[in-house]
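*Asks:* Can you read through this structure? Questions will come right after.
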Amino acid sequence: MTATTYRTCPRSGLQFESQAEKLMIANAVAAVVALLVGGLLAIGVVLTRWPAVHWLAADTFYMVLTAHGIDMLIFWIIFFEVAVLYFASSTLLRCRIATPKIAWAGFALMLIGAVMNNLTVFQGGSSVMMTSYVPMMASSWFYLGLILFAVGALVACFVFFGTLVVAKREKTYEGSVPLVTFGAITAAIIAVFTIVSGAIILIPTYLMALGFINEVDPLIYRTIWWAFGHSSQQINVAAHISIWYAVAAIAFGAKPMSERVSRGAFLLYILFLQLASAHHLLADPGISTEWKVVNTSYFMYFAVLASMIHALSIPGAMEVAQRAKGYNKGLFEWLRKAPWGNPAFSGVFISLVGFGFLGGISGVMMGTEQLNLLIHNTIYVPGHFHATVVIGTTLTFMALTYFLIPVLFRREMISPGLAKIQPYLFGFSMYFFCLVMMGAGTLGVSRRHWDMAFSGAALAYEWPGAAYLMMGLVGIGGMAAIVGGGIYIYVTVGSILWGKKLDAGVVSAKFTPVGRAAPTAAAQTYGSAGFVAPGTFVLAMFFLVSFVLYYFINWKYLGQLWGLS
Amino acid sequence: MSAILPPSERLWWKHPLDRLEAVWIVIAFIWCMVMFFMMVFWHVYGKQNLATETYKTTPEKFTVATQAMVDKYTVRTETDQDIPVVHPPEGSDIYLIGRLWNWWPILELEKNKSYKLHLTSLDYNHGFSLQPTNINIQVVPGYEHVIKVTPNESGTFSIICNEFCGINHHTMVGRLYVK
């Protein structure tokens, strides 16, 4: 066994192994740098799509948009997820990390790949968007950068799996792994599928860019690329839902309502979540209706079922914990008395609500085979995925960072007042941004489009005034969100650089094994109508009603269109 | 702090279901089934289902077919680029080319009559976005997608490209008339 040390954090009681801790810090820092670059690029995207400003020239706009997508959706999120994987294995199971040298090699590959890809995009000539649909080709370095990054991420996944084996063999924990680790395992399994799909299609495309292969079929490219492109967002879902459970535990001492239900829901993700890459192919030629219907619905919506279960279980667990503390009045006292001033909690809660209402409902609507005709490639699509990836994943990672600054980075947070308002500013401006983007998309406005006035077109189209209004509001909401993101970067980077150093805690050469959670107290006496969390149930029913209404409104809209068969 | 600790019970999977979760799971499951069968239902009773009839094609082959239609049914030309306006008979095969950076030719259809629209791209991916109706279809090079369309309103429509296709993507707008 490699010699290493274990530090017990005096603020959280968590135990960090020194190698794992350094890896987590490196990956988290790389993630925040990617977020900073992606955030600066977002200014260019937003100010160009705001029709009254229309800032960048067309070529710069498409270059900036390509880099923004890749930096945010791939580099920021996956670097952070690697840190989360190491946390969920080494820290939660209190064991050493497996093969730290290989883990560092994986990190180096990811870093080299990310820098290579970004530099290539900024040289111009590779403005092919994140999707890089063939036969539109980027420079070969573009693909090589992505491939190196993906290999590095794959290495990280296997280090994570190896760490689970180490923990099991060295008996660092009792019984089954914690729920959060279970969710991280889900994310890592999905990640392996995702990265392998990416390799299957990006390697031939790389060879084509080098001239060794003549053609990659455009439809096959789309089909397999989306098994990478969409699934990478499913890693996020599994990862950020695990963090929601973790924050519920940390902020409230909440216990999952039922380990069986929550783990069963994660299992449904492993089985069905990947099928959703079909969402991007619903308006494509050459793919059969049966394939579309089965895949787009995650085989009869079993992954949606899983998400709806988490959506009830997490706030439900918080409610139960709050009621046990005596916040038992009426339906919502537990929620009113929640720690709204703690950014780790407020961030997670704003994320959870926005992910469900804005991201979840819109995602199921647009993922319905026929309804997809209404919004395919419109700006509704980025409206949806900013609700899932930014409100869902990014805001959750931001919330977790506020917890990690004193615990992992051992620094006192600078400007706690700014940190307190940041989740509200960022979260609510993103809510607004997503809503108006979806509004513009419902009117038909295209995504990835430099000029909605079609300057220079022989047969221009005139969008209705409402579409211009919506896109103007997209600009305003987007800028507000960028300010919110800027505050996050300022607080995080500032705390790490200038925050007061905090006590590291006891360092020991040996791990302390982690015991089981305390058993649940006997029969609970709070709640009403036999429901332990009636407030959550009311919220869930409100969610369901919104979902049903919005779903059928879109069918009605579809029914008015031209006949297509 | 138990979601981050190993479960308290060794046999956690035998823990009985809470009533709250059980009720919600049943409701959510029913809703999932409604959504799934809604898609199937619409294929039987709905009028808007995207056809899947597709053929492999080449730019040459598709251009020849389109040119034949243009030669036969052109009624006039428009703009200083003399884009032909084609008025094909009801029920016929009609062709629309997507290429850098236009849709060609201009089709003139009749309300409540059906046509077999053949769509392809000669170069990159393009997006067929019919406005203001808001029907959006992916156009993939090498694949000829055949869709039966029945316009239910008359007027002048625009076909906007909504898949990024290069620097002049924003100028790729076509037209379609329904009489």
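Just so we're on the same page: first chain in the structure tokens is A, next is B, and so on; residues restart at 1 for each chain, and ligands are numbered from 1 in the order they show up.
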Go through region 29-122 of chain A and collect every residue that DSSP, computed from the backbone, puts in helix (DSSP H, G or I); the answer should be as a ChimeraX atom specification.
*Replies:* /A:29-49,58-91,100-122
*Asks:* Which residues are close to Val128 (chain A), i.e. within 8 Å by only C-alpha atoms, leaving aside same-chain residues fewer than 3 positions away? Reply as number ranges by chain.
*Replies:* A: 62-63, 66, 131-133, 136-138
*Asks:* Go ahead and write the residues just picked, C-alpha atoms, as a CSV table (one decimal), in the first residue's frame.
*Replies:*
chain,number,residue,atom,x,y,z
A,62,TYR,CA,-20.0,31.2,-34.7
A,63,MET,CA,-16.5,30.7,-33.4
A,66,THR,CA,-18.6,26.8,-30.7
A,131,THR,CA,-21.9,18.9,-32.6
A,132,SER,CA,-19.4,19.1,-35.5
A,133,TYR,CA,-21.8,17.4,-37.9
A,136,MET,CA,-18.7,20.1,-42.2
A,137,MET,CA,-15.1,19.6,-41.1
A,138,ALA,CA,-13.0,21.2,-38.4
*Asks:* Excluding Asn236 (chain A) and any residue of its chain fewer than 6 positions from it, enumerate the residues within 10 Å of it, using only C-alpha atoms, and give them as a PyMOL selection string.
*Replies:* chain A and resi 73+77-78+81+187+190-191+242+388-389+392-394
*Asks:* Could you name the residues that touch Gly472 (chain A) at 9 Å or less, counting only C-alpha atoms, but leaving out those on the same chain fewer than 2 positions away, as JSON, numbers by chain?
*Replies:* {"A": [49, 50, 51, 52, 53, 467, 468, 469, 470, 474, 475, 476, 477]}
*Asks:* Would you write out those residues with N, CA and C atoms, as a tab-separated table (two decimals), in the first residue's frame?
*Replies:*
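What landed in selection.tsv:
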chain	number	residue	atom	x	y	z
A	49	ARG	N	-27.01	37.78	-30.03
A	49	ARG	CA	-28.39	37.34	-30.28
A	49	ARG	C	-29.42	38.36	-29.80
A	50	TRP	N	-29.00	39.29	-29.01
A	50	TRP	CA	-29.88	40.40	-28.61
A	50	TRP	C	-30.00	41.30	-29.83
A	51	PRO	N	-31.17	41.31	-30.50
A	51	PRO	CA	-31.23	41.94	-31.83
A	51	PRO	C	-30.83	43.41	-31.82
A	52	ALA	N	-31.16	44.13	-30.73
A	52	ALA	CA	-30.84	45.56	-30.71
A	52	ALA	C	-29.34	45.80	-30.59
A	53	VAL	N	-28.60	44.83	-30.10
A	53	VAL	CA	-27.15	45.01	-29.92
A	53	VAL	C	-26.39	44.39	-31.10
A	467	ALA	N	-41.34	38.03	-31.42
A	467	ALA	CA	-40.09	37.26	-31.46
A	467	ALA	C	-38.90	38.17	-31.16
A	468	TYR	N	-38.94	39.40	-31.70
A	468	TYR	CA	-37.87	40.35	-31.40
A	468	TYR	C	-37.87	40.72	-29.93
A	469	LEU	N	-39.07	40.90	-29.38
A	469	LEU	CA	-39.17	41.24	-27.96
A	469	LEU	C	-38.57	40.13	-27.11
A	470	MET	N	-38.94	38.89	-27.43
A	470	MET	CA	-38.43	37.75	-26.67
A	470	MET	C	-36.91	37.69	-26.74
A	474	VAL	N	-34.13	37.80	-23.89
A	474	VAL	CA	-33.06	36.79	-23.77
A	474	VAL	C	-31.75	37.50	-23.47
A	475	GLY	N	-31.52	38.60	-24.19
A	475	GLY	CA	-30.29	39.36	-23.97
A	475	GLY	C	-30.19	39.89	-22.55
A	476	ILE	N	-31.29	40.46	-22.06
A	476	ILE	CA	-31.26	41.04	-20.71
A	476	ILE	C	-31.09	39.95	-19.65
A	477	GLY	N	-31.89	38.88	-19.77
A	477	GLY	CA	-31.79	37.77	-18.81
A	477	GLY	C	-30.41	37.15	-18.85
*Asks:* Between CA of Phe61 (chain A) and CA of Ile482 (chain A), what is the spacing in Å?
*Replies:* 17.3 Å
